[in-house]
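Student: Next comes the structure file target.txt, holding compact mmCIF, C-alpha atoms and all ligand atoms.
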```txt
# COMPACT_ATOMS: atom_id res chain seq x y z
CA MET I 214 15.84 -14.09 3.00
CA GLU I 215 17.57 -14.41 6.35
CA GLY I 216 15.88 -12.80 9.35
CA LEU I 217 12.43 -11.85 10.53
CA LEU I 218 9.99 -10.11 8.15
CA VAL I 219 7.21 -8.19 9.91
CA VAL I 220 4.17 -7.35 7.78
CA LEU I 221 1.95 -4.49 8.97
CA GLY I 222 -1.45 -4.89 7.34
CA ALA I 223 -0.89 -8.65 7.02
CA THR I 224 -4.63 -9.39 6.76
CA GLY I 225 -5.11 -6.82 3.97
CA THR I 226 -4.74 -6.94 0.20
CA GLN I 227 -1.17 -5.65 0.07
CA GLY I 228 0.21 -7.39 3.16
CA GLY I 229 -1.51 -10.66 2.22
CA SER I 230 0.10 -10.63 -1.19
CA VAL I 231 3.52 -9.90 0.33
CA ILE I 232 3.14 -12.94 2.60
CA ASP I 233 2.02 -15.15 -0.33
CA HIS I 234 5.07 -14.29 -2.42
CA VAL I 235 7.64 -14.44 0.36
CA LEU I 236 6.34 -17.89 1.30
CA GLN I 237 6.38 -18.95 -2.35
CA GLN I 238 10.01 -17.95 -2.69
CA SER I 239 11.18 -19.09 0.75
CA PRO I 240 8.72 -21.54 2.33
CA LYS I 241 10.68 -21.45 5.58
CA ALA I 242 10.85 -17.65 5.81
CA GLN I 243 10.25 -16.26 9.26
CA ILE I 244 7.20 -13.99 8.96
CA ARG I 245 5.29 -12.13 11.65
CA GLY I 246 1.92 -10.63 10.70
CA VAL I 247 0.47 -7.69 12.60
CA THR I 248 -3.29 -7.33 13.09
CA ARG I 249 -5.70 -5.73 15.54
CA ASN I 250 -7.55 -9.02 15.81
CA THR I 251 -5.64 -12.27 16.03
CA SER I 252 -8.95 -14.20 16.14
CA SER I 253 -10.31 -12.99 12.80
CA THR I 254 -10.82 -15.59 10.07
CA THR I 255 -7.99 -14.08 8.01
CA SER I 256 -5.60 -14.05 10.97
CA LEU I 257 -6.41 -17.66 11.82
CA ALA I 258 -5.91 -18.70 8.18
CA LEU I 259 -2.50 -17.01 8.16
CA ARG I 260 -1.59 -18.76 11.39
CA GLU I 261 -2.55 -22.08 9.78
CA ARG I 262 0.05 -21.30 7.12
CA GLY I 263 2.76 -20.87 9.73
CA ILE I 264 2.66 -17.09 10.08
CA GLU I 265 3.23 -15.80 13.60
CA MET I 266 0.26 -13.46 14.11
CA VAL I 267 0.59 -10.76 16.76
CA GLN I 268 -1.83 -8.13 18.01
CA ALA I 269 -0.92 -4.45 17.65
CA ASP I 270 -2.69 -1.26 16.67
CA MET I 271 -1.16 1.37 14.40
CA GLU I 272 -2.77 3.92 16.73
CA ASP I 273 -0.55 2.64 19.54
CA CYS I 274 3.19 3.02 19.04
CA ALA I 275 4.09 0.89 22.06
CA SER I 276 2.12 -2.06 20.69
CA LEU I 277 3.86 -1.67 17.31
CA THR I 278 7.27 -1.55 18.96
CA MET I 279 6.47 -4.81 20.74
CA ALA I 280 5.34 -6.37 17.47
CA LEU I 281 8.51 -5.30 15.67
CA LYS I 282 10.95 -6.21 18.39
CA VAL I 283 9.73 -8.85 20.72
CA SER I 284 8.64 -12.46 20.46
CA PRO I 285 4.86 -12.56 21.13
CA SER I 286 5.32 -15.27 23.74
CA VAL I 287 6.94 -12.61 25.94
CA SER I 288 4.66 -10.73 28.32
CA ARG I 289 4.65 -6.96 28.51
CA HIS I 290 6.02 -7.20 32.04
CA ASP I 291 9.05 -9.19 30.81
CA VAL I 292 9.65 -6.68 28.07
CA LEU I 293 10.07 -3.93 30.59
CA GLN I 294 13.15 -5.83 31.75
CA VAL I 295 14.28 -6.01 28.13
CA ALA I 296 16.73 -8.87 28.17
CA GLU I 297 18.61 -9.38 24.93
CA HIS I 298 17.63 -13.05 24.60
CA ILE I 299 13.87 -12.43 24.64
CA THR I 300 13.87 -9.79 21.91
CA GLN I 301 13.95 -10.57 18.26
CA GLY I 302 13.94 -7.48 16.14
CA ALA I 303 12.66 -7.28 12.59
CA SER I 304 15.23 -7.51 9.80
CA PHE I 305 12.61 -6.51 7.22
CA ILE I 306 9.35 -4.55 7.52
CA PHE I 307 6.59 -4.09 4.99
CA ALA I 308 3.96 -1.52 5.96
CA ALA I 309 0.77 -0.30 4.31
CA THR I 310 -1.47 2.22 6.11
CA ASP I 311 -5.21 2.34 5.55
CA TYR I 312 -6.94 5.58 4.55
CA TRP I 313 -10.35 4.12 3.83
CA GLU I 314 -11.47 2.49 7.07
CA PRO I 315 -11.32 5.79 9.00
CA PHE I 316 -12.83 7.62 6.01
CA ILE I 317 -15.87 5.31 5.98
CA ASN I 318 -16.26 5.69 9.75
CA TYR I 319 -16.22 9.50 9.46
CA LEU I 320 -18.57 9.36 6.49
CA GLN I 321 -21.05 7.22 8.42
CA SER I 322 -20.92 9.54 11.40
CA GLY I 323 -21.72 12.49 9.13
CA ARG I 324 -18.45 14.42 9.52
CA SER I 325 -18.10 17.15 6.91
CA ASP I 326 -14.30 17.09 7.36
CA LYS I 327 -14.11 13.32 6.77
CA TRP I 328 -11.36 13.63 4.13
CA GLN I 329 -9.08 15.66 6.40
CA GLN I 330 -9.81 13.56 9.49
CA ALA I 331 -9.07 10.30 7.68
CA GLU I 332 -5.81 11.78 6.43
CA ALA I 333 -4.91 12.86 9.98
CA ASP I 334 -5.61 9.32 11.24
CA GLU I 335 -3.50 7.77 8.49
CA VAL I 336 -0.60 10.12 9.18
CA ARG I 337 -0.77 9.45 12.92
CA CYS I 338 -0.67 5.68 12.30
CA GLY I 339 2.18 6.08 9.83
CA LYS I 340 4.24 8.16 12.25
CA ASN I 341 3.71 5.52 14.93
CA ILE I 342 5.00 2.89 12.50
CA VAL I 343 8.05 5.03 11.74
CA ASP I 344 8.79 5.67 15.41
CA ALA I 345 8.41 1.96 16.19
CA ALA I 346 10.63 1.00 13.23
CA CYS I 347 13.33 3.26 14.69
CA GLN I 348 13.24 1.20 17.87
CA THR I 349 14.35 -1.81 15.87
CA LEU I 350 17.03 -0.13 13.77
CA ASP I 351 19.74 -2.26 15.31
CA THR I 352 18.43 -5.28 13.40
CA LEU I 353 16.52 -3.62 10.57
CA GLU I 354 17.93 -4.08 7.07
CA HIS I 355 15.08 -2.90 4.87
CA PHE I 356 11.82 -0.99 5.49
CA VAL I 357 9.39 -1.00 2.56
CA PHE I 358 6.65 1.59 2.92
CA SER I 359 3.64 1.68 0.61
CA SER I 360 2.94 5.27 -0.37
CA LEU I 361 1.76 7.25 -3.40
CA PRO I 362 3.01 10.27 -5.39
CA SER I 363 2.18 13.78 -4.14
CA PRO I 364 -0.25 15.56 -6.50
CA ASP I 365 0.14 18.65 -4.32
CA ALA I 366 3.93 18.89 -4.80
CA ILE I 367 3.86 17.81 -8.44
CA SER I 368 1.21 20.41 -9.37
CA ASN I 369 2.71 23.19 -7.25
CA HIS I 370 -0.41 23.08 -5.02
CA THR I 371 -3.00 23.11 -7.81
CA PHE I 372 -4.14 19.60 -6.82
CA SER I 373 -3.79 19.99 -3.08
CA ASN I 374 -6.81 18.15 -1.74
CA LEU I 375 -6.21 14.55 -2.69
CA TYR I 376 -6.15 13.48 0.94
CA HIS I 377 -5.90 9.74 0.26
CA PHE I 378 -2.53 10.42 -1.42
CA GLU I 379 -1.07 13.19 0.71
CA GLY I 380 -1.25 11.40 4.08
CA LYS I 381 1.05 8.73 2.72
CA VAL I 382 3.38 11.42 1.36
CA LYS I 383 3.50 13.09 4.80
CA ILE I 384 4.54 9.78 6.36
CA VAL I 385 7.39 9.47 3.85
CA ARG I 386 8.45 13.04 4.68
CA TYR I 387 8.43 12.13 8.37
CA ILE I 388 10.86 9.29 7.67
CA GLY I 389 13.13 11.76 5.88
CA GLU I 390 12.66 15.09 7.65
CA LYS I 391 13.08 13.88 11.18
CA GLY I 392 16.24 12.16 10.04
CA LEU I 393 15.44 9.56 12.64
CA GLN I 394 18.78 8.20 13.61
CA CYS I 395 19.44 5.52 16.13
CA PRO I 396 22.81 4.33 17.33
CA THR I 397 22.85 0.57 17.12
CA GLY I 398 24.95 0.38 20.23
CA LYS I 399 27.40 -1.84 18.38
CA ARG I 400 31.05 -0.85 18.14
CA VAL I 401 32.68 -1.46 14.81
CA CYS I 402 36.33 -1.65 13.98
CA ASP I 403 36.51 0.28 10.79
CA ASN I 404 39.89 1.62 9.75
CA ASP I 405 43.47 0.58 9.20
CA PHE I 406 44.45 1.76 12.68
CA GLY I 407 41.85 -0.42 14.40
CA GLU I 408 39.97 2.62 15.70
CA GLU I 409 36.45 2.00 16.93
CA PHE I 410 33.41 3.94 15.86
CA ALA I 411 29.92 3.79 17.23
CA GLU I 412 27.72 2.42 14.43
CA SER I 413 24.60 4.40 13.68
CA LYS I 414 21.84 4.02 11.16
CA GLN I 415 19.09 6.22 9.87
CA LEU I 416 15.71 4.80 8.99
CA ARG I 417 15.70 6.96 5.85
CA ASP I 418 18.70 5.05 4.49
CA VAL I 419 17.18 1.60 4.89
CA THR I 420 13.80 2.59 3.42
CA THR I 421 12.37 1.94 -0.03
CA VAL I 422 9.18 3.74 -1.02
CA LEU I 423 6.68 1.74 -3.06
CA TRP I 424 3.87 3.29 -5.11
CA CYS I 425 1.01 0.87 -5.75
CA GLY I 426 -0.84 1.30 -9.02
CA CYS I 427 -4.62 1.61 -8.95
CA TYR I 428 -5.94 -1.85 -8.03
CA MET I 429 -7.39 -3.85 -10.94
CA GLU I 430 -9.70 -5.19 -8.23
CA ASN I 431 -11.44 -1.77 -8.38
CA PHE I 432 -13.03 -2.96 -11.64
CA GLN I 433 -15.09 -5.34 -9.49
CA ARG I 434 -16.00 -3.04 -6.61
CA TRP I 435 -19.57 -2.14 -5.88
CA ASP I 436 -18.91 0.19 -3.01
CA LEU I 437 -17.90 3.83 -2.69
CA ASN I 438 -15.40 3.44 -5.49
CA SER I 439 -17.53 1.81 -8.20
CA TYR I 440 -16.49 4.16 -11.02
CA LEU I 441 -14.58 1.42 -12.76
CA VAL I 442 -17.55 -0.97 -12.84
CA PRO I 443 -19.26 -0.59 -16.24
CA LYS I 444 -22.97 0.27 -15.86
CA ASP I 445 -25.77 -1.04 -18.07
CA ASN I 446 -27.12 1.87 -20.13
CA GLY I 447 -30.37 0.05 -20.92
CA GLU I 448 -29.55 -0.04 -24.63
CA GLY I 449 -27.51 -3.24 -24.69
CA LYS I 450 -24.28 -1.49 -23.82
CA PHE I 451 -22.24 -1.01 -20.67
CA VAL I 452 -20.65 2.33 -19.98
CA MET I 453 -17.74 3.27 -17.77
CA SER I 454 -17.46 6.93 -17.06
CA THR I 455 -14.85 8.96 -15.15
CA ARG I 456 -13.21 12.35 -15.61
CA ALA I 457 -10.07 10.64 -17.03
CA HIS I 458 -9.55 11.52 -20.67
CA PRO I 459 -9.79 8.43 -22.92
CA SER I 460 -6.10 8.79 -23.82
CA THR I 461 -4.81 9.33 -20.28
CA PRO I 462 -2.52 6.44 -19.28
CA MET I 463 -2.80 5.16 -15.74
CA GLU I 464 -0.90 2.58 -13.72
CA PHE I 465 -2.92 -0.48 -12.74
CA LEU I 466 -1.93 -3.45 -10.60
CA ALA I 467 -3.51 -6.83 -9.82
CA CYS I 468 -2.73 -5.92 -6.24
CA GLY I 469 -3.83 -9.01 -4.34
CA LYS I 470 -1.91 -11.21 -6.73
CA ASP I 471 1.12 -9.15 -7.64
CA VAL I 472 2.12 -6.48 -5.15
CA GLY I 473 4.01 -9.15 -3.21
CA LEU I 474 5.97 -9.98 -6.34
CA PHE I 475 7.18 -6.37 -6.44
CA VAL I 476 7.93 -6.30 -2.72
CA THR I 477 9.95 -9.54 -2.76
CA ALA I 478 11.98 -8.16 -5.68
CA VAL I 479 12.49 -4.89 -3.77
CA LEU I 480 13.64 -6.77 -0.68
CA GLN I 481 16.33 -8.50 -2.74
CA ARG I 482 17.82 -5.13 -3.72
CA GLN I 483 19.58 -2.56 -1.64
CA PRO I 484 17.21 -0.03 -0.01
CA GLN I 485 16.76 2.98 -2.29
CA GLY I 486 16.65 5.48 0.60
CA VAL I 487 13.68 7.68 1.36
CA ASP I 488 14.81 10.33 -1.14
CA GLY I 489 15.80 7.72 -3.70
CA THR I 490 13.66 6.59 -6.60
CA PRO I 491 10.36 5.04 -5.56
CA VAL I 492 9.33 1.73 -7.06
CA ILE I 493 6.08 1.74 -9.03
CA ALA I 494 4.19 -1.51 -8.55
CA SER I 495 2.38 -1.78 -11.87
CA PRO I 496 2.83 -4.07 -14.87
CA ALA I 497 2.25 -1.37 -17.48
CA SER I 498 0.36 1.82 -18.19
CA MET I 499 -3.11 1.52 -19.66
CA THR I 500 -5.90 3.93 -20.57
CA LEU I 501 -9.42 3.34 -19.31
CA GLU I 502 -10.58 3.25 -22.92
CA ASP I 503 -8.21 0.34 -23.59
CA ALA I 504 -9.29 -1.35 -20.38
CA CYS I 505 -12.95 -1.16 -21.46
CA ALA I 506 -12.10 -2.55 -24.89
CA ALA I 507 -10.17 -5.48 -23.35
CA LEU I 508 -12.84 -6.16 -20.74
CA GLY I 509 -15.56 -6.07 -23.42
CA GLN I 510 -13.68 -8.35 -25.77
CA LEU I 511 -12.81 -10.93 -23.11
CA THR I 512 -16.28 -11.05 -21.53
CA GLY I 513 -18.29 -10.75 -24.74
CA ARG I 514 -19.91 -7.44 -23.78
CA ASN I 515 -20.14 -4.13 -25.51
CA ILE I 516 -18.35 -1.79 -23.10
CA LEU I 517 -17.81 1.86 -23.85
CA TYR I 518 -15.62 4.34 -22.09
CA GLN I 519 -16.84 7.93 -21.82
CA GLN I 520 -15.20 10.91 -20.17
CA SER I 521 -17.71 12.37 -17.72
CA ALA I 522 -18.64 16.04 -17.83
CA VAL I 523 -17.13 18.44 -15.30
CA GLU I 524 -18.71 17.96 -11.84
CA GLU I 525 -20.66 14.92 -13.04
CA MET I 526 -18.73 12.54 -10.76
CA ALA I 527 -19.71 14.49 -7.66
CA LYS I 528 -23.37 13.63 -8.22
CA GLY I 529 -24.50 10.63 -6.22
CA SER I 530 -21.22 9.70 -4.53
CA PRO I 531 -19.55 11.13 -1.43
CA ILE I 532 -16.14 10.55 -2.99
CA GLY I 533 -17.03 11.82 -6.47
CA ALA I 534 -15.71 15.37 -6.23
CA VAL I 535 -12.30 14.34 -4.90
CA PHE I 536 -12.02 11.45 -7.35
CA GLU I 537 -12.84 13.82 -10.20
CA ARG I 538 -9.87 15.95 -9.10
CA MET I 539 -7.72 12.83 -8.99
CA TYR I 540 -8.57 11.98 -12.61
CA GLU I 541 -7.98 15.61 -13.61
CA PHE I 542 -4.56 15.32 -12.00
CA TYR I 543 -3.83 12.23 -14.11
CA ASN I 544 -5.05 14.09 -17.23
CA THR I 545 -2.76 17.03 -16.50
CA TYR I 546 0.39 15.48 -15.04
CA GLY I 547 0.20 11.72 -15.65
CA TRP I 548 -0.09 9.08 -12.94
CA SER I 549 3.28 9.75 -11.31
CA GLY I 550 3.60 13.37 -12.41
CA GLY I 551 6.84 12.73 -14.26
CA VAL I 552 8.69 11.89 -11.04
CA LYS I 553 11.55 9.50 -11.73
CA ALA I 554 10.63 6.07 -10.48
CA VAL I 555 11.80 2.51 -10.89
CA GLY I 556 9.55 0.13 -12.82
CA ARG I 557 9.15 -3.62 -13.07
CA GLU I 558 11.93 -3.99 -15.69
CA ASP I 559 14.42 -2.30 -13.36
CA ILE I 560 13.70 -4.80 -10.61
CA GLY I 561 13.71 -7.85 -12.89
CA LEU I 562 9.99 -8.53 -13.13
CA SER I 563 9.46 -8.29 -16.88
CA GLY I 564 7.00 -10.91 -18.03
CA LYS I 565 6.24 -12.10 -14.51
CA THR I 566 3.36 -9.81 -13.56
CA SER I 567 -0.32 -10.13 -14.48
CA THR I 568 -1.58 -8.14 -17.43
CA PHE I 569 -5.05 -6.60 -17.37
CA GLU I 570 -6.10 -9.31 -19.81
CA SER I 571 -4.85 -12.11 -17.56
CA PHE I 572 -6.55 -10.46 -14.57
CA VAL I 573 -9.85 -10.38 -16.48
CA GLY I 574 -9.40 -14.01 -17.51
CA GLU I 575 -8.85 -15.15 -13.93
CA HIS I 576 -12.00 -13.52 -12.52
CA ASN I 577 -15.69 -14.20 -12.87
CA TRP I 578 -17.44 -11.09 -14.17
CA ASP I 579 -21.05 -12.29 -14.31
CA GLY I 580 -22.17 -10.51 -11.15
CA PHE I 581 -20.63 -7.26 -12.35
CA PHE I 582 -22.75 -6.91 -15.45
CA VAL I 583 -26.15 -6.51 -13.84
CA LYS I 584 -28.43 -3.55 -14.33
CA THR I 585 -27.76 -0.96 -11.66
CA ASP I 586 -31.43 -0.96 -10.59
CA ASP I 587 -31.68 -4.80 -10.34
N1 LIG T 1 -7.55 0.75 -4.06
C1 LIG T 1 -6.55 1.22 -4.76
O1 LIG T 1 -6.62 1.29 -5.99
C2 LIG T 1 -5.29 1.65 -4.06
C3 LIG T 1 -4.16 1.97 -4.82
C4 LIG T 1 -2.99 2.37 -4.17
C5 LIG T 1 -2.98 2.46 -2.77
N2 LIG T 1 -4.12 2.13 -2.06
C6 LIG T 1 -4.06 2.25 -0.59
O2 LIG T 1 -4.00 0.97 -0.01
C7 LIG T 1 -4.29 1.15 1.39
C8 LIG T 1 -5.01 -0.07 1.90
O3 LIG T 1 -4.20 -1.20 1.74
P1 LIG T 1 -4.88 -2.62 1.56
O4 LIG T 1 -5.74 -2.58 0.33
O5 LIG T 1 -3.83 -3.64 1.65
O6 LIG T 1 -5.83 -2.67 2.84
P2 LIG T 1 -7.09 -3.54 3.18
O7 LIG T 1 -7.16 -4.77 2.33
O8 LIG T 1 -8.28 -2.65 3.21
O9 LIG T 1 -6.77 -3.99 4.68
C9 LIG T 1 -6.42 -3.04 5.66
C10 LIG T 1 -5.28 -3.61 6.49
O10 LIG T 1 -4.80 -2.61 7.40
C11 LIG T 1 -4.83 -3.14 8.71
N3 LIG T 1 -5.15 -2.04 9.61
C12 LIG T 1 -6.02 -1.02 9.40
N4 LIG T 1 -6.02 -0.19 10.46
C13 LIG T 1 -5.14 -0.71 11.36
C14 LIG T 1 -4.71 -0.31 12.65
N5 LIG T 1 -5.19 0.81 13.25
N6 LIG T 1 -3.78 -1.05 13.27
C15 LIG T 1 -3.30 -2.19 12.70
N7 LIG T 1 -3.67 -2.62 11.48
C16 LIG T 1 -4.58 -1.89 10.83
C17 LIG T 1 -5.91 -4.20 8.69
O11 LIG T 1 -5.62 -5.13 9.72
P3 LIG T 1 -6.72 -5.73 10.75
O12 LIG T 1 -8.09 -5.30 10.29
O13 LIG T 1 -6.51 -7.23 10.67
O14 LIG T 1 -6.33 -5.16 12.05
C18 LIG T 1 -5.72 -4.80 7.32
O15 LIG T 1 -4.67 -5.74 7.33
C19 LIG T 1 -5.16 2.40 1.48
O16 LIG T 1 -4.51 3.36 2.29
C20 LIG T 1 -5.29 2.89 0.03
O17 LIG T 1 -5.27 4.28 -0.07
C21 LIG T 1 -5.25 1.71 -2.67
```
Go ahead and render the structure in this file as structure tokens.

Tutor:
Amino acid sequence: MEGLLVVLGATGTQGGSVIDHVLQQSPKAQIRGVTRNTSSTTSLALRERGIEMVQADMEDCASLTMALKVSPSVSRHDVLQVAEHITQGASFIFAATDYWEPFINYLQSGRSDKWQQAEADEVRCGKNIVDAACQTLDTLEHFVFSSLPSPDAISNHTFSNLYHFEGKVKIVRYIGEKGLQCPTGKRVCDNDFGEEFAESKQLRDVTTVLWCGCYMENFQRWDLNSYLVPKDNGEGKFVMSTRAHPSTPMEFLACGKDVGLFVTAVLQRQPQGVDGTPVIASPASMTLEDACAALGQLTGRNILYQQSAVEEMAKGSPIGAVFERMYEFYNTYGWSGGVKAVGREDIGLSGKTSTFESFVGEHNWDGFFVKTDD
């Protein structure tokens, strides 16, 4: 890969995996990681591995533009002079926005409109990323944006309140609808008569949309989203319970390990365009019933899957009601709602990605099979 790759969300699960795989494939790749805190342990560890870590905030478009365009050794004052030799624009960008940090902040401050507010924050950050990416269109070859399908559009507005999906969809629409177009300023000689045309590019044309499957890591999460952690029922069995029907297939992904594998494969292809087919980052579909059976078999536990009763998920969790709707959406329309998308075979990853079984085998599950009241 020739040129600078800028990773937004470099210290996170998705961005971290992208960096791991790009470095694996091209140890000398030029990678710049964006973070709000260049002194965090994760940032310092990335720097140790040769990643150029720069400070920028997705809430601040100017800081993102600097991160995408300018060498961090250049001061803001110098940038105002913008001399060609001090700028180095991104050739490739990977960006993942974060719904959950704002959501948790709004939850903790007692906001009743936490879902909507977190979506608004995510959309604002995403639009800043898009606007900043447009500032570097002269060098940009490929922009990979991590989004999700739109339950609202797929269901003709029946499933309209899945805020943690729809913000990402709005950002993708912003890439497309605004038709953000930037002349590169270069003149190209393009026809038999030697006539010159001003070259222009649209961000939408150099974009590929990625849809990340549900993280397999969620099977080990004891936080807001602990639905996929089997609970001891006090009778020698563990039970996982969600509103998903036992036969509903879902897309899962060992995100920290594998999303970078998908992104590096995507970066080796031509951009699909914002209206082109999204790429689903998932090794294969799987039902939660099958996941419980595999987890039980591999860890020597008796794990049952049960579909929860209507409105059961809402009890005891601030995300339960919305997550119940999400599983109902999967029951009704399937994970991607029948939208045409590209899978791992299409991008040459058959046999290379983790299976759920290999994910289980690589993790220690002891701490996740305790009684809930221990
Ligand atoms: N869990 C799932 O099953 C699943 C499935 C599909 C999609 N997703 C989506 O994945 C997204 C999260 O991605 P992730 O798991 O990679 O994140 P993560 O591990 O939680 O890390 C969040 C990353 O975002 C960066 N970040 C957050 N706010 C920022 C800001 N204002 N400016 C600059 N950087 C900022 C953080 O950087 P610093 O803290 O270093 O600044 C960090 O690198 C969520 O939106 C979620 O909806 C999750």

Student: Give the answer as one residue: which of I:Glu541, I:Glu524, I:Asp445, I:Asp418 has the shortest atom-to-atom distance to Val487 in chain I, using all atoms listed in the file?

Tutor: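 Closest residue, counting all atoms listed in the file: I:Asp418.
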
Student: Could you build a table of the residues in chain I lying no more than 8 Å from ligand LIG 1 (chain T), giving for each the nearest pair of atoms and their separation in Å rounded to one decimal place, using only C-alpha atoms and all ligand atoms, ordered by chain and ascending residue number, as a Markdown table?

Tutor:
```
| residue | atom | partner | partner_atom | distance |
| --- | --- | --- | --- | --- |
| I:Leu221 | CA | T:LIG1 | N7 | 6.4 |
| I:Gly222 | CA | T:LIG1 | O15 | 3.3 |
| I:Ala223 | CA | T:LIG1 | O15 | 4.8 |
| I:Thr224 | CA | T:LIG1 | O15 | 3.7 |
| I:Gly225 | CA | T:LIG1 | O7 | 3.3 |
| I:Thr226 | CA | T:LIG1 | O5 | 3.7 |
| I:Gln227 | CA | T:LIG1 | O5 | 3.7 |
| I:Gly228 | CA | T:LIG1 | O5 | 5.7 |
| I:Gly229 | CA | T:LIG1 | O5 | 7.4 |
| I:Val247 | CA | T:LIG1 | N7 | 6.6 |
| I:Thr248 | CA | T:LIG1 | O14 | 3.9 |
| I:Arg249 | CA | T:LIG1 | O14 | 3.6 |
| I:Asn250 | CA | T:LIG1 | O14 | 5.5 |
| I:Thr251 | CA | T:LIG1 | O13 | 7.4 |
| I:Ser253 | CA | T:LIG1 | O13 | 7.2 |
| I:Thr255 | CA | T:LIG1 | O13 | 7.5 |
| I:Ser256 | CA | T:LIG1 | O13 | 6.9 |
| I:Ala269 | CA | T:LIG1 | C15 | 5.9 |
| I:Asp270 | CA | T:LIG1 | N6 | 3.6 |
| I:Met271 | CA | T:LIG1 | N6 | 3.7 |
| I:Glu272 | CA | T:LIG1 | N5 | 5.3 |
| I:Asp273 | CA | T:LIG1 | N6 | 8.0 |
| I:Ala309 | CA | T:LIG1 | O3 | 5.7 |
| I:Thr310 | CA | T:LIG1 | O16 | 5.0 |
| I:Asp311 | CA | T:LIG1 | O16 | 3.5 |
| I:Tyr312 | CA | T:LIG1 | O16 | 4.0 |
| I:Trp313 | CA | T:LIG1 | C19 | 6.0 |
| I:Glu314 | CA | T:LIG1 | C12 | 6.9 |
| I:Glu335 | CA | T:LIG1 | O16 | 7.7 |
| I:Cys338 | CA | T:LIG1 | N5 | 6.7 |
| I:Ser359 | CA | T:LIG1 | C5 | 7.5 |
| I:Ser360 | CA | T:LIG1 | C5 | 7.0 |
| I:Leu361 | CA | T:LIG1 | C5 | 6.8 |
| I:His377 | CA | T:LIG1 | O17 | 5.5 |
| I:Phe378 | CA | T:LIG1 | O17 | 6.9 |
| I:Lys381 | CA | T:LIG1 | O16 | 7.7 |
| I:Trp424 | CA | T:LIG1 | C4 | 7.0 |
| I:Cys425 | CA | T:LIG1 | C4 | 4.6 |
| I:Gly426 | CA | T:LIG1 | C3 | 5.4 |
| I:Cys427 | CA | T:LIG1 | O1 | 3.6 |
| I:Tyr428 | CA | T:LIG1 | O1 | 3.8 |
| I:Met429 | CA | T:LIG1 | O1 | 7.2 |
| I:Glu430 | CA | T:LIG1 | O1 | 7.5 |
| I:Asn431 | CA | T:LIG1 | O1 | 6.2 |
| I:Phe465 | CA | T:LIG1 | O1 | 7.9 |
| I:Cys468 | CA | T:LIG1 | O4 | 8.0 |
```

Student: Have a look at CA of Arg482 in chain I and CA of Val343 in chain I and let me know their distance in Å, one decimal.

Tutor: 20.9 Å

Student: Rank nothing, just name the residue among I:Ile560, I:Val283, I:Ala497, I:Leu350 nearest to Leu466 in chain I, using only C-alpha atoms.

Tutor: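 When distances to Leu466 in chain I are compared using only C-alpha atoms, the smallest one comes from I:Ala497.
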
Student: Residues at most 10 Å from range 215-218 of chain I, counting only C-alpha atoms, excluding those fewer than 2 positions away in the same chain, as a list in words?

Tutor: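 Neighbouring residues, sequence-local ones excluded: Val220, Leu221, Ile232, Val235, Ser239, Lys241, Ala242, Gln243, Ile244, Arg245, Gly246, Leu281, Lys282, Gln301, Gly302, Ala303, Ser304, Phe305, Ile306, Phe307, Thr352, Leu353, Glu354, His355 and Phe356 of chain I.
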
Student: Can you tell me, as a list of chain:residue names, what residues are no more than 9 Å from Ser498 in chain I when counting all atoms listed in the file, ignoring any on the same chain fewer than 4 positions away?

Tutor: I:Pro462, I:Met463, I:Glu464, I:Phe465, I:Trp548

Student: By how many Å are CA of Met266 in chain I and CA of Ala280 in chain I apart?

Tutor: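 Here the two named atoms are 9.3 Å from each other.
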
Student: Using only C-alpha atoms, find the one residue out of I:Asp334, I:Pro362, I:Glu412, I:Glu570 that sits nearest to Gln510 in chain I.

Tutor: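 Using only C-alpha atoms, Gln510 in chain I sits closest to I:Glu570.
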
Student: Which residues are near Gly580 in chain I? Cut-off 12 Å, all atoms listed in the file, ignore same chain within fewer than 6 positions. Put them as a list in words.

Tutor: Phe432, Gln433, Arg434, Trp435, Val442, Pro443, Lys444, Thr512 and Asp587 of chain I

Student: Could you pull the residues within 7 Å of Gly486 in chain I, counting all atoms listed in the file, minus those fewer than 4 positions along the same chain, as JSON, numbers by chain?

Tutor: {"I": [417, 418, 419, 420, 421]}

Student: Grab the CA of Leu501 in chain I to CA of Pro364 in chain I distance for me, in Å with one decimal place.

Tutor: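 Answer for the CA of Leu501 in chain I to CA of Pro364 in chain I separation: 19.9 Å.
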
Student: Residues within 10 Å of range 533-535 of chain I, please, as a list of chain:residue names. Count only C-alpha atoms; anything in the same chain fewer than 3 positions from it doesn't count.

Tutor: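 Final neighbour list, sorted by chain and number: I:Trp328, I:Phe372, I:Asn374, I:Leu375, I:Tyr376, I:His377, I:Leu437, I:Asn438, I:Tyr440, I:Thr455, I:Arg456, I:Val523, I:Glu524, I:Glu525, I:Met526, I:Ala527, I:Lys528, I:Gly529, I:Ser530, I:Arg538, I:Met539, I:Tyr540, I:Glu541.
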
Student: Considering only C-alpha atoms, can you say which of I:Gln519, I:Ser373, I:Gln415, I:Leu257 comes closest to Glu390 in chain I?

Tutor: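 When distances to Glu390 in chain I are compared using only C-alpha atoms, the smallest one comes from I:Gln415.
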